[in-house]
Amino acid sequence: MNTARRAAGRLTVLAVLFLLPFLSSAEEPRPRATASLLIHHAHVFTVNHRRPEAGAIAIVGERIAAVGSDQEIDPWIGSQTKVIDAHGASVLPGFNDSHVHFVDGSMLLSQVQLSDVTTRDEFTRRVAEFARGLKKGEWVLGGNWDHEKFPGATMPTREWIDGVTGDTPAWLDRYDGHMGLANSAALRLAGLDRNTPDPPGGAILRDANGDPTGALKDAAAGLVERHIPPLTEEQLTRAIRAGLAEARRFGLTSVQDISHAAELRVYQKLLAAGELTARVYAITPIQLYESQVQAGITAGFGNDWIRTGALKGFADGSLGSTTALFFEPYNDAPDTRGLFNAMMLPEGHMLQMAQPADAAGLQIAIHAIGDRANHEILAMYEEIARRNGPGPARGRRWRIEHVQHLRPSDYEAFARLGVIASMQPYHAIDDGRWAEKRIGHQRAASSYAWRSLLDHHAMLAFGTDWPVAPLNPLLGLYAAVTRATLDGKNPNGWIPEQKITLAEAIEAYTLGSAYAEFTDTQKGSLAPGKLADVVILDSDLFHVPPEKIKDAKVVATIVAGKLVYSAP
Ligand SMILES: [Zn+2]
């Protein structure tokens, strides 16, 4: 009893001491400027280590003016201030997706959508419905199918769709983008038949008679894809508008677009029209590096809205397509260790592009999934550092995209070489359903190794790979914190040792991603002077059980101090 009363007394003293600075600050003169937008009654998680938490933010124009308690910030309210009451919910820096295929994702919003299909009948039905609405000359496009969801993991064949597509060519991507399904009309257009050899870095799946089934892996997909009519600028603009609306809805204020380069003009057009509501970092194909070198573009070239100067290459394929490159064979396909992407062949080809690009000050970002692919790219970066000189002094920020499977001996190389691990947490809870069947438990233990990478001082940047995974960042935070696979079979986490904290996951999705595009001094945390890119949620993520993080919704999205989305 006595102890309790003494403790209560001490609490009162503490509370008074705690309140003193606020009481005195309230007596100070009001700040001269007033806020254009002010958020209060919030649980602000700032991602600013100097002041990790706060209750309110004052925004003046497109930048943050002050972050503090309600008492500190409310004096910024003036007659013109728009005030938002967050009702105690989380307020975070706007999400920055470090790896999206923005045009592909945006296009898919108006194409055949097969990501949730689990049967052949439904697959056929959706393709039939879509084909009926097409104009002459248009293709059946889209897909996002995953054969792991079909009974017995059956691979789809052209017979599934030939009957409902007829002479209309069809090309339907697997969700990982490393395989697709063509119908017979598309195969005919591509001149692809039983006599066509597998191209280097690709495979044509064949039936018992030796005829193509329609499923084409990696480089073989190009044989059909090159016949798809290019998008018109009008189609592209319409798609990107839809993609931006999707981004606003999910609190994304920045996207790093693995771009085809053609969309830069569309982003520019939308910016001029005041319609660009997410900042874009365009990561263009490494094969085109010479045009950027000649133009004198270096990493981070651009303005606060549109930047470029990064190059994307591929080292291997994907785990789902058995084309991710490993040191050891696949457990369920012992005749293969995966494939080098065609860009890696012949040996040294990637280095021949990456070294001069690095010397010219461009950023390199290479897709690597299997442990061998990651190892080869780390070795390539080390070789470039040897030839071009050391990195950090020159402001070099190399990236590896995906970093899914690593040998533990490679963890340390990320921090040592300054390589950013650009990863997509949702893939772990998706692939985690079946990954061990492919690679066994030991290799799985160092897969999606967020904890180990952070413990080895690596920089993490988070994203989705949309449309490979859903665009919603809250699913990514949920995946990073729980590692609970989508099939519900690992409620305590698949390889739980590799879980990270919510604070670490948010940092990777904001400041980490900003670092990966050279903008960490401008955005990625909530601090005075930074760009006012902010997301308001409907709950406090730090006070809900981890399994509820995925159910949180975005209430408002603010970009450059402007409210661009508020929940209906
Ligand atoms: Zn990707």
# chains A, B, ... in the order shown; residues from 1 in each chain; ligands from 1
call {"tool": "residues_around", "arguments": {"residues": "region 70-86 of chain A", "least_positions_apart": "6", "cutoff": "6 Å", "atoms": "only C-alpha atoms", "output": "PyMOL selection string"}}
result
chain A and resi 30+34-42+55-56
call {"tool": "residues_near_ligand", "arguments": {"ligand": "ligand 1", "cutoff": "7 Å", "atoms": "only C-alpha atoms and all ligand atoms", "output": "list in words"}}
result
His99, Val100, His101, Ile258 and Asp465 of chain A
call {"tool": "select_by_dssp", "arguments": {"residues": "region 232-327 of chain A", "states": "helix (DSSP H, G or I)", "output": "mmCIF file with N, CA and C atoms, in the first residue's frame"}}
result
data_model
loop_
_atom_site.group_PDB
_atom_site.id
_atom_site.type_symbol
_atom_site.label_atom_id
_atom_site.label_comp_id
_atom_site.auth_asym_id
_atom_site.auth_seq_id
_atom_site.Cartn_x
_atom_site.Cartn_y
_atom_site.Cartn_z
ATOM 1 N N GLU A 233 0.534 7.037 -76.647
ATOM 2 C CA GLU A 233 0.740 7.937 -75.512
ATOM 3 C C GLU A 233 -0.559 8.155 -74.742
ATOM 4 N N GLU A 234 -1.665 8.128 -75.474
ATOM 5 C CA GLU A 234 -2.959 8.319 -74.813
ATOM 6 C C GLU A 234 -3.270 7.148 -73.874
ATOM 7 N N GLN A 235 -2.999 5.910 -74.345
ATOM 8 C CA GLN A 235 -3.231 4.736 -73.486
ATOM 9 C C GLN A 235 -2.343 4.800 -72.243
ATOM 10 N N LEU A 236 -1.085 5.207 -72.491
ATOM 11 C CA LEU A 236 -0.114 5.285 -71.402
ATOM 12 C C LEU A 236 -0.544 6.321 -70.364
ATOM 13 N N THR A 237 -0.992 7.477 -70.838
ATOM 14 C CA THR A 237 -1.405 8.547 -69.933
ATOM 15 C C THR A 237 -2.618 8.110 -69.109
ATOM 16 N N ARG A 238 -3.568 7.476 -69.783
ATOM 17 C CA ARG A 238 -4.771 7.019 -69.087
ATOM 18 C C ARG A 238 -4.390 6.002 -67.999
ATOM 19 N N ALA A 239 -3.483 5.089 -68.350
ATOM 20 C CA ALA A 239 -3.068 4.064 -67.391
ATOM 21 C C ALA A 239 -2.370 4.698 -66.195
ATOM 22 N N ILE A 240 -1.444 5.622 -66.454
ATOM 23 C CA ILE A 240 -0.680 6.218 -65.350
ATOM 24 C C ILE A 240 -1.585 7.034 -64.437
ATOM 25 N N ARG A 241 -2.586 7.703 -65.006
ATOM 26 C CA ARG A 241 -3.557 8.408 -64.153
ATOM 27 C C ARG A 241 -4.223 7.432 -63.183
ATOM 28 N N ALA A 242 -4.599 6.274 -63.703
ATOM 29 C CA ALA A 242 -5.244 5.268 -62.844
ATOM 30 C C ALA A 242 -4.264 4.754 -61.800
ATOM 31 N N GLY A 243 -3.003 4.571 -62.191
ATOM 32 C CA GLY A 243 -1.977 4.109 -61.251
ATOM 33 C C GLY A 243 -1.743 5.124 -60.138
ATOM 34 N N LEU A 244 -1.741 6.405 -60.494
ATOM 35 C CA LEU A 244 -1.535 7.448 -59.478
ATOM 36 C C LEU A 244 -2.686 7.470 -58.474
ATOM 37 N N ALA A 245 -3.889 7.238 -58.964
ATOM 38 C CA ALA A 245 -5.050 7.202 -58.063
ATOM 39 C C ALA A 245 -4.885 6.046 -57.068
ATOM 40 N N GLU A 246 -4.394 4.913 -57.576
ATOM 41 C CA GLU A 246 -4.150 3.748 -56.726
ATOM 42 C C GLU A 246 -3.076 4.075 -55.674
ATOM 43 N N ALA A 247 -2.017 4.764 -56.100
ATOM 44 C CA ALA A 247 -0.930 5.131 -55.184
ATOM 45 C C ALA A 247 -1.428 6.062 -54.075
ATOM 46 N N ARG A 248 -2.240 7.036 -54.428
ATOM 47 C CA ARG A 248 -2.784 7.972 -53.432
ATOM 48 C C ARG A 248 -3.581 7.234 -52.370
ATOM 49 N N ARG A 249 -4.368 6.278 -52.833
ATOM 50 C CA ARG A 249 -5.246 5.526 -51.953
ATOM 51 C C ARG A 249 -4.443 4.736 -50.910
ATOM 52 N N LEU A 264 8.621 8.722 -69.075
ATOM 53 C CA LEU A 264 9.127 9.972 -68.502
ATOM 54 C C LEU A 264 8.388 11.183 -69.073
ATOM 55 N N ARG A 265 8.127 11.150 -70.387
ATOM 56 C CA ARG A 265 7.423 12.290 -70.999
ATOM 57 C C ARG A 265 6.001 12.399 -70.464
ATOM 58 N N VAL A 266 5.401 11.269 -70.131
ATOM 59 C CA VAL A 266 4.036 11.313 -69.588
ATOM 60 C C VAL A 266 4.051 11.886 -68.169
ATOM 61 N N TYR A 267 5.035 11.453 -67.357
ATOM 62 C CA TYR A 267 5.142 12.020 -66.005
ATOM 63 C C TYR A 267 5.319 13.537 -66.091
ATOM 64 N N GLN A 268 6.154 13.957 -67.042
ATOM 65 C CA GLN A 268 6.428 15.381 -67.203
ATOM 66 C C GLN A 268 5.155 16.140 -67.590
ATOM 67 N N LYS A 269 4.388 15.549 -68.481
ATOM 68 C CA LYS A 269 3.130 16.155 -68.921
ATOM 69 C C LYS A 269 2.158 16.268 -67.744
ATOM 70 N N LEU A 270 2.067 15.192 -66.941
ATOM 71 C CA LEU A 270 1.155 15.203 -65.796
ATOM 72 C C LEU A 270 1.616 16.205 -64.738
ATOM 73 N N LEU A 271 2.924 16.330 -64.564
ATOM 74 C CA LEU A 271 3.457 17.312 -63.610
ATOM 75 C C LEU A 271 3.055 18.722 -64.030
ATOM 76 N N ALA A 272 3.225 19.006 -65.318
ATOM 77 C CA ALA A 272 2.882 20.346 -65.821
ATOM 78 C C ALA A 272 1.392 20.623 -65.644
ATOM 79 N N ILE A 286 19.362 -0.879 -68.199
ATOM 80 C CA ILE A 286 20.820 -0.671 -68.249
ATOM 81 C C ILE A 286 21.348 -0.766 -69.674
ATOM 82 N N GLN A 287 20.632 -1.481 -70.543
ATOM 83 C CA GLN A 287 21.088 -1.595 -71.929
ATOM 84 C C GLN A 287 21.141 -0.221 -72.606
ATOM 85 N N LEU A 288 20.357 0.741 -72.080
ATOM 86 C CA LEU A 288 20.306 2.075 -72.693
ATOM 87 C C LEU A 288 21.255 3.059 -72.006
ATOM 88 N N TYR A 289 22.250 2.540 -71.254
ATOM 89 C CA TYR A 289 23.064 3.440 -70.425
ATOM 90 C C TYR A 289 23.791 4.503 -71.237
ATOM 91 N N GLU A 290 24.177 4.157 -72.473
ATOM 92 C CA GLU A 290 24.987 5.108 -73.243
ATOM 93 C C GLU A 290 24.244 6.410 -73.517
ATOM 94 N N SER A 291 22.922 6.312 -73.727
ATOM 95 C CA SER A 291 22.181 7.552 -74.011
ATOM 96 C C SER A 291 22.219 8.475 -72.791
ATOM 97 N N GLN A 292 22.171 7.902 -71.581
ATOM 98 C CA GLN A 292 22.229 8.739 -70.374
ATOM 99 C C GLN A 292 23.625 9.312 -70.173
ATOM 100 N N VAL A 293 24.650 8.495 -70.447
ATOM 101 C CA VAL A 293 26.026 8.988 -70.323
ATOM 102 C C VAL A 293 26.231 10.156 -71.282
ATOM 103 N N GLN A 294 25.770 9.975 -72.529
ATOM 104 C CA GLN A 294 25.956 11.029 -73.530
ATOM 105 C C GLN A 294 25.215 12.307 -73.154
ATOM 106 N N ALA A 295 24.054 12.149 -72.523
ATOM 107 C CA ALA A 295 23.275 13.328 -72.137
ATOM 108 C C ALA A 295 23.844 13.996 -70.883
#
call {"tool": "residues_around", "arguments": {"residues": "Ala479 (chain A)", "least_positions_apart": "3", "cutoff": "6 Å", "atoms": "only C-alpha atoms", "output": "number ranges by chain"}}
result
A: 425-426, 476, 482-483
call {"tool": "write_last_selection", "arguments": {"atoms": "all heavy atoms", "output": "PDB file, in the first residue's frame"}}
result
ATOM      1  N   PRO A 425       8.952  -7.049 -48.866  1.00  0.00           N
ATOM      2  CA  PRO A 425       8.593  -7.994 -47.801  1.00  0.00           C
ATOM      3  C   PRO A 425       7.406  -8.899 -48.131  1.00  0.00           C
ATOM      4  O   PRO A 425       7.370 -10.043 -47.683  1.00  0.00           O
ATOM      5  CB  PRO A 425       8.289  -7.102 -46.596  1.00  0.00           C
ATOM      6  CG  PRO A 425       8.450  -5.700 -47.041  1.00  0.00           C
ATOM      7  CD  PRO A 425       9.034  -5.670 -48.398  1.00  0.00           C
ATOM      8  N   TYR A 426       6.466  -8.405 -48.922  1.00  0.00           N
ATOM      9  CA  TYR A 426       5.287  -9.234 -49.222  1.00  0.00           C
ATOM     10  C   TYR A 426       5.686 -10.543 -49.913  1.00  0.00           C
ATOM     11  O   TYR A 426       5.050 -11.579 -49.703  1.00  0.00           O
ATOM     12  CB  TYR A 426       4.310  -8.451 -50.109  1.00  0.00           C
ATOM     13  CG  TYR A 426       3.002  -9.156 -50.380  1.00  0.00           C
ATOM     14  CD1 TYR A 426       1.921  -9.016 -49.511  1.00  0.00           C
ATOM     15  CD2 TYR A 426       2.844  -9.966 -51.508  1.00  0.00           C
ATOM     16  CE1 TYR A 426       0.718  -9.649 -49.765  1.00  0.00           C
ATOM     17  CE2 TYR A 426       1.645 -10.612 -51.765  1.00  0.00           C
ATOM     18  CZ  TYR A 426       0.586 -10.452 -50.887  1.00  0.00           C
ATOM     19  OH  TYR A 426      -0.604 -11.086 -51.143  1.00  0.00           O
ATOM     20  N   GLY A 476       3.105  -4.813 -46.723  1.00  0.00           N
ATOM     21  CA  GLY A 476       4.559  -4.968 -46.627  1.00  0.00           C
ATOM     22  C   GLY A 476       5.035  -4.840 -45.185  1.00  0.00           C
ATOM     23  O   GLY A 476       5.854  -5.636 -44.714  1.00  0.00           O
ATOM     24  N   THR A 482       5.596  -9.750 -39.209  1.00  0.00           N
ATOM     25  CA  THR A 482       5.047 -11.058 -38.798  1.00  0.00           C
ATOM     26  C   THR A 482       5.656 -12.248 -39.542  1.00  0.00           C
ATOM     27  O   THR A 482       5.686 -13.342 -39.010  1.00  0.00           O
ATOM     28  CB  THR A 482       3.527 -11.120 -39.061  1.00  0.00           C
ATOM     29  OG1 THR A 482       3.303 -11.103 -40.482  1.00  0.00           O
ATOM     30  CG2 THR A 482       2.788  -9.968 -38.404  1.00  0.00           C
ATOM     31  N   ARG A 483       6.047 -12.057 -40.787  1.00  0.00           N
ATOM     32  CA  ARG A 483       6.467 -13.157 -41.669  1.00  0.00           C
ATOM     33  C   ARG A 483       5.436 -14.296 -41.650  1.00  0.00           C
ATOM     34  O   ARG A 483       5.789 -15.470 -41.791  1.00  0.00           O
ATOM     35  CB  ARG A 483       7.867 -13.668 -41.302  1.00  0.00           C
ATOM     36  CG  ARG A 483       8.956 -12.633 -41.562  1.00  0.00           C
ATOM     37  CD  ARG A 483      10.332 -13.119 -41.202  1.00  0.00           C
ATOM     38  NE  ARG A 483      10.871 -14.108 -42.099  1.00  0.00           N
ATOM     39  CZ  ARG A 483      11.802 -13.878 -43.035  1.00  0.00           C
ATOM     40  NH1 ARG A 483      12.278 -12.649 -43.209  1.00  0.00           N
ATOM     41  NH2 ARG A 483      12.259 -14.854 -43.782  1.00  0.00           N
TER      42      ARG A 483
END
call {"tool": "atom_distance", "arguments": {"atom1": "CA of His457 (chain A)", "atom2": "CA of Gly94 (chain A)"}}
result
24.0 Å
call {"tool": "residues_around", "arguments": {"residues": "Ser422 (chain A)", "least_positions_apart": "2", "cutoff": "12 Å", "atoms": "only C-alpha atoms", "output": "PyMOL selection string"}}
result
chain A and resi 96-100+256+364-369+397-404+414+419-420+424-425+448-450+453+458-465+508-509+512-517
call {"tool": "atom_distance", "arguments": {"atom1": "CA of Met107 (chain A)", "atom2": "CA of Gly142 (chain A)"}}
result
7.9 Å
call {"tool": "select_by_dssp", "arguments": {"residues": "region 281-440 of chain A", "states": "strand (DSSP E or B)", "output": "PyMOL selection string"}}
result
chain A and resi 281-285+301-302+306-314+316+330+333+340+363-368+398-402+405+419-423
call {"tool": "residues_around", "arguments": {"residues": "Gln111 (chain A)", "least_positions_apart": "4", "cutoff": "12 Å", "atoms": "only C-alpha atoms", "output": "PyMOL selection string"}}
result
chain A and resi 104-107+115+126-127+129-131+133-134+138-144+170-173+239+467
call {"tool": "write_last_selection", "arguments": {"atoms": "N, CA and C atoms", "output": "mmCIF file, in the first residue's frame"}}
result
data_model
loop_
_atom_site.group_PDB
_atom_site.id
_atom_site.type_symbol
_atom_site.label_atom_id
_atom_site.label_comp_id
_atom_site.auth_asym_id
_atom_site.auth_seq_id
_atom_site.Cartn_x
_atom_site.Cartn_y
_atom_site.Cartn_z
ATOM 1 N N ASP A 104 3.285 -1.190 -65.925
ATOM 2 C CA ASP A 104 2.680 -2.530 -65.970
ATOM 3 C C ASP A 104 1.534 -2.632 -64.965
ATOM 4 N N GLY A 105 1.778 -2.140 -63.765
ATOM 5 C CA GLY A 105 0.742 -2.184 -62.728
ATOM 6 C C GLY A 105 -0.453 -1.346 -63.140
ATOM 7 N N SER A 106 -0.161 -0.156 -63.649
ATOM 8 C CA SER A 106 -1.236 0.751 -64.055
ATOM 9 C C SER A 106 -2.046 0.160 -65.203
ATOM 10 N N MET A 107 -1.346 -0.475 -66.166
ATOM 11 C CA MET A 107 -2.035 -1.102 -67.298
ATOM 12 C C MET A 107 -2.941 -2.231 -66.816
ATOM 13 N N SER A 115 -4.878 -12.802 -60.815
ATOM 14 C CA SER A 115 -4.032 -13.076 -59.645
ATOM 15 C C SER A 115 -4.735 -13.934 -58.593
ATOM 16 N N ARG A 126 -12.500 -15.739 -67.365
ATOM 17 C CA ARG A 126 -12.074 -14.324 -67.322
ATOM 18 C C ARG A 126 -11.458 -13.894 -68.647
ATOM 19 N N VAL A 127 -10.694 -14.797 -69.263
ATOM 20 C CA VAL A 127 -10.074 -14.455 -70.553
ATOM 21 C C VAL A 127 -11.171 -14.270 -71.607
ATOM 22 N N GLU A 129 -14.296 -13.352 -71.170
ATOM 23 C CA GLU A 129 -15.022 -12.119 -70.904
ATOM 24 C C GLU A 129 -14.245 -10.909 -71.416
ATOM 25 N N PHE A 130 -12.942 -10.921 -71.173
ATOM 26 C CA PHE A 130 -12.106 -9.801 -71.606
ATOM 27 C C PHE A 130 -12.022 -9.747 -73.128
ATOM 28 N N ALA A 131 -11.847 -10.925 -73.760
ATOM 29 C CA ALA A 131 -11.662 -10.983 -75.211
ATOM 30 C C ALA A 131 -12.885 -10.422 -75.934
ATOM 31 N N GLY A 133 -14.676 -7.939 -75.173
ATOM 32 C CA GLY A 133 -14.727 -6.475 -75.163
ATOM 33 C C GLY A 133 -13.658 -5.801 -76.021
ATOM 34 N N LEU A 134 -12.835 -6.582 -76.724
ATOM 35 C CA LEU A 134 -11.709 -5.989 -77.451
ATOM 36 C C LEU A 134 -12.111 -5.472 -78.832
ATOM 37 N N GLU A 138 -6.525 -5.547 -81.243
ATOM 38 C CA GLU A 138 -6.053 -5.496 -79.863
ATOM 39 C C GLU A 138 -5.752 -6.910 -79.350
ATOM 40 N N TRP A 139 -4.820 -7.004 -78.444
ATOM 41 C CA TRP A 139 -4.438 -8.285 -77.846
ATOM 42 C C TRP A 139 -5.153 -8.506 -76.515
ATOM 43 N N VAL A 140 -5.292 -9.752 -76.155
ATOM 44 C CA VAL A 140 -5.675 -10.088 -74.780
ATOM 45 C C VAL A 140 -4.393 -10.005 -73.958
ATOM 46 N N LEU A 141 -4.317 -9.042 -73.042
ATOM 47 C CA LEU A 141 -3.101 -8.828 -72.250
ATOM 48 C C LEU A 141 -3.448 -8.758 -70.773
ATOM 49 N N GLY A 142 -2.421 -8.946 -69.948
ATOM 50 C CA GLY A 142 -2.614 -8.895 -68.507
ATOM 51 C C GLY A 142 -2.140 -10.198 -67.911
ATOM 52 N N GLY A 143 -2.884 -10.702 -66.937
ATOM 53 C CA GLY A 143 -2.528 -11.998 -66.375
ATOM 54 C C GLY A 143 -2.318 -11.927 -64.880
ATOM 55 N N ASN A 144 -1.012 -12.027 -64.485
ATOM 56 C CA ASN A 144 -0.699 -12.061 -63.056
ATOM 57 C C ASN A 144 -1.120 -13.385 -62.426
ATOM 58 N N ALA A 170 -3.139 -13.665 -77.614
ATOM 59 C CA ALA A 170 -3.190 -13.466 -76.164
ATOM 60 C C ALA A 170 -1.805 -13.679 -75.576
ATOM 61 N N TRP A 171 -1.459 -12.830 -74.623
ATOM 62 C CA TRP A 171 -0.196 -12.994 -73.873
ATOM 63 C C TRP A 171 -0.488 -12.643 -72.420
ATOM 64 N N LEU A 172 -0.372 -13.646 -71.542
ATOM 65 C CA LEU A 172 -0.751 -13.479 -70.135
ATOM 66 C C LEU A 172 0.448 -13.781 -69.258
ATOM 67 N N ASP A 173 0.942 -12.741 -68.583
ATOM 68 C CA ASP A 173 2.130 -12.888 -67.738
ATOM 69 C C ASP A 173 1.864 -13.706 -66.489
ATOM 70 N N ALA A 239 -3.483 5.089 -68.350
ATOM 71 C CA ALA A 239 -3.068 4.064 -67.391
ATOM 72 C C ALA A 239 -2.370 4.698 -66.195
ATOM 73 N N PRO A 467 3.242 -4.876 -60.326
ATOM 74 C CA PRO A 467 2.068 -5.673 -59.947
ATOM 75 C C PRO A 467 2.380 -7.111 -59.512
#
call {"tool": "closest_atom_pairs", "arguments": {"of": "region 379-443 of chain A", "to": "region 327-336 of chain A", "cutoff": "10 Å", "atoms": "only C-alpha atoms", "output": "Markdown table"}}
result
| residue | atom | partner | partner_atom | distance |
| --- | --- | --- | --- | --- |
| A:Arg407 | CA | A:Phe327 | CA | 9.3 |
| A:Glu436 | CA | A:Asn331 | CA | 8.5 |
| A:Lys437 | CA | A:Asp332 | CA | 6.5 |
| A:Arg438 | CA | A:Asn331 | CA | 5.2 |
| A:Ile439 | CA | A:Asn331 | CA | 5.4 |
| A:Gly440 | CA | A:Asn331 | CA | 6.5 |
| A:Arg443 | CA | A:Glu328 | CA | 9.7 |
call {"tool": "residues_around", "arguments": {"residues": "Ser409 (chain A)", "least_positions_apart": "5", "cutoff": "12 Å", "atoms": "only C-alpha atoms", "output": "PDB file with N, CA and C atoms, in the first residue's frame"}}
result
ATOM      1  N   ASP A 371      20.988 -17.155 -54.473  1.00  0.00           N
ATOM      2  CA  ASP A 371      22.199 -16.810 -53.714  1.00  0.00           C
ATOM      3  C   ASP A 371      23.410 -16.612 -54.622  1.00  0.00           C
ATOM      4  N   ARG A 372      23.481 -17.390 -55.695  1.00  0.00           N
ATOM      5  CA  ARG A 372      24.616 -17.229 -56.618  1.00  0.00           C
ATOM      6  C   ARG A 372      24.499 -15.909 -57.391  1.00  0.00           C
ATOM      7  N   ASN A 374      23.106 -13.140 -56.374  1.00  0.00           N
ATOM      8  CA  ASN A 374      23.496 -12.071 -55.451  1.00  0.00           C
ATOM      9  C   ASN A 374      25.011 -12.022 -55.270  1.00  0.00           C
ATOM     10  N   HIS A 375      25.603 -13.199 -55.122  1.00  0.00           N
ATOM     11  CA  HIS A 375      27.046 -13.276 -54.926  1.00  0.00           C
ATOM     12  C   HIS A 375      27.785 -12.694 -56.139  1.00  0.00           C
ATOM     13  N   LEU A 378      27.466  -8.841 -56.125  1.00  0.00           N
ATOM     14  CA  LEU A 378      28.334  -8.241 -55.103  1.00  0.00           C
ATOM     15  C   LEU A 378      29.786  -8.266 -55.585  1.00  0.00           C
ATOM     16  N   PHE A 414      27.197  -6.186 -48.063  1.00  0.00           N
ATOM     17  CA  PHE A 414      26.291  -5.078 -48.365  1.00  0.00           C
ATOM     18  C   PHE A 414      26.781  -3.777 -47.721  1.00  0.00           C
ATOM     19  N   SER A 446      18.229 -18.276 -44.606  1.00  0.00           N
ATOM     20  CA  SER A 446      18.895 -17.013 -44.957  1.00  0.00           C
ATOM     21  C   SER A 446      18.210 -16.373 -46.168  1.00  0.00           C
ATOM     22  N   SER A 452      19.152 -10.247 -40.356  1.00  0.00           N
ATOM     23  CA  SER A 452      20.601 -10.440 -40.511  1.00  0.00           C
ATOM     24  C   SER A 452      21.221  -9.275 -41.269  1.00  0.00           C
ATOM     25  N   LEU A 453      20.534  -8.786 -42.295  1.00  0.00           N
ATOM     26  CA  LEU A 453      21.094  -7.667 -43.060  1.00  0.00           C
ATOM     27  C   LEU A 453      21.216  -6.417 -42.184  1.00  0.00           C
ATOM     28  N   HIS A 456      23.974  -6.664 -39.838  1.00  0.00           N
ATOM     29  CA  HIS A 456      25.257  -6.453 -40.516  1.00  0.00           C
ATOM     30  C   HIS A 456      25.338  -5.049 -41.119  1.00  0.00           C
TER      31      HIS A 456
END
call {"tool": "closest_residue", "arguments": {"among": "A:Leu563, A:Val91, A:Ala273, A:Ala215", "to": "Val47 (chain A)", "atoms": "only C-alpha atoms"}}
result
A:Val91
call {"tool": "decode", "arguments": {"residues": "region 209-213 of chain A", "atoms": "all heavy atoms", "output": "JSON list (two decimals), in the first residue's frame"}}
result
[["chain", "number", "residue", "atom", "x", "y", "z"],
["A", 209, "ASN", "N", 4.36, -34.23, -77.23],
["A", 209, "ASN", "CA", 4.66, -34.35, -78.66],
["A", 209, "ASN", "C", 5.79, -33.43, -79.11],
["A", 209, "ASN", "O", 6.14, -33.40, -80.29],
["A", 209, "ASN", "CB", 3.41, -33.98, -79.48],
["A", 209, "ASN", "CG", 2.24, -34.87, -79.15],
["A", 209, "ASN", "OD1", 2.42, -36.07, -78.94],
["A", 209, "ASN", "ND2", 1.06, -34.28, -79.07],
["A", 210, "GLY", "N", 6.28, -32.61, -78.18],
["A", 210, "GLY", "CA", 7.34, -31.66, -78.55],
["A", 210, "GLY", "C", 6.82, -30.32, -79.02],
["A", 210, "GLY", "O", 7.59, -29.44, -79.40],
["A", 211, "ASP", "N", 5.49, -30.14, -79.01],
["A", 211, "ASP", "CA", 4.92, -28.85, -79.42],
["A", 211, "ASP", "C", 4.94, -27.86, -78.25],
["A", 211, "ASP", "O", 4.76, -28.26, -77.10],
["A", 211, "ASP", "CB", 3.47, -29.03, -79.88],
["A", 211, "ASP", "CG", 3.39, -29.79, -81.20],
["A", 211, "ASP", "OD1", 4.17, -29.44, -82.12],
["A", 211, "ASP", "OD2", 2.55, -30.72, -81.30],
["A", 212, "PRO", "N", 5.13, -26.56, -78.55],
["A", 212, "PRO", "CA", 5.09, -25.57, -77.45],
["A", 212, "PRO", "C", 3.74, -25.59, -76.75],
["A", 212, "PRO", "O", 2.70, -25.66, -77.41],
["A", 212, "PRO", "CB", 5.30, -24.23, -78.17],
["A", 212, "PRO", "CG", 5.88, -24.56, -79.50],
["A", 212, "PRO", "CD", 5.39, -25.94, -79.86],
["A", 213, "THR", "N", 3.76, -25.53, -75.40],
["A", 213, "THR", "CA", 2.50, -25.51, -74.65],
["A", 213, "THR", "C", 1.90, -24.11, -74.62],
["A", 213, "THR", "O", 0.77, -23.91, -74.21],
["A", 213, "THR", "CB", 2.72, -25.93, -73.19],
["A", 213, "THR", "OG1", 3.54, -24.93, -72.55],
["A", 213, "THR", "CG2", 3.39, -27.29, -73.07]]
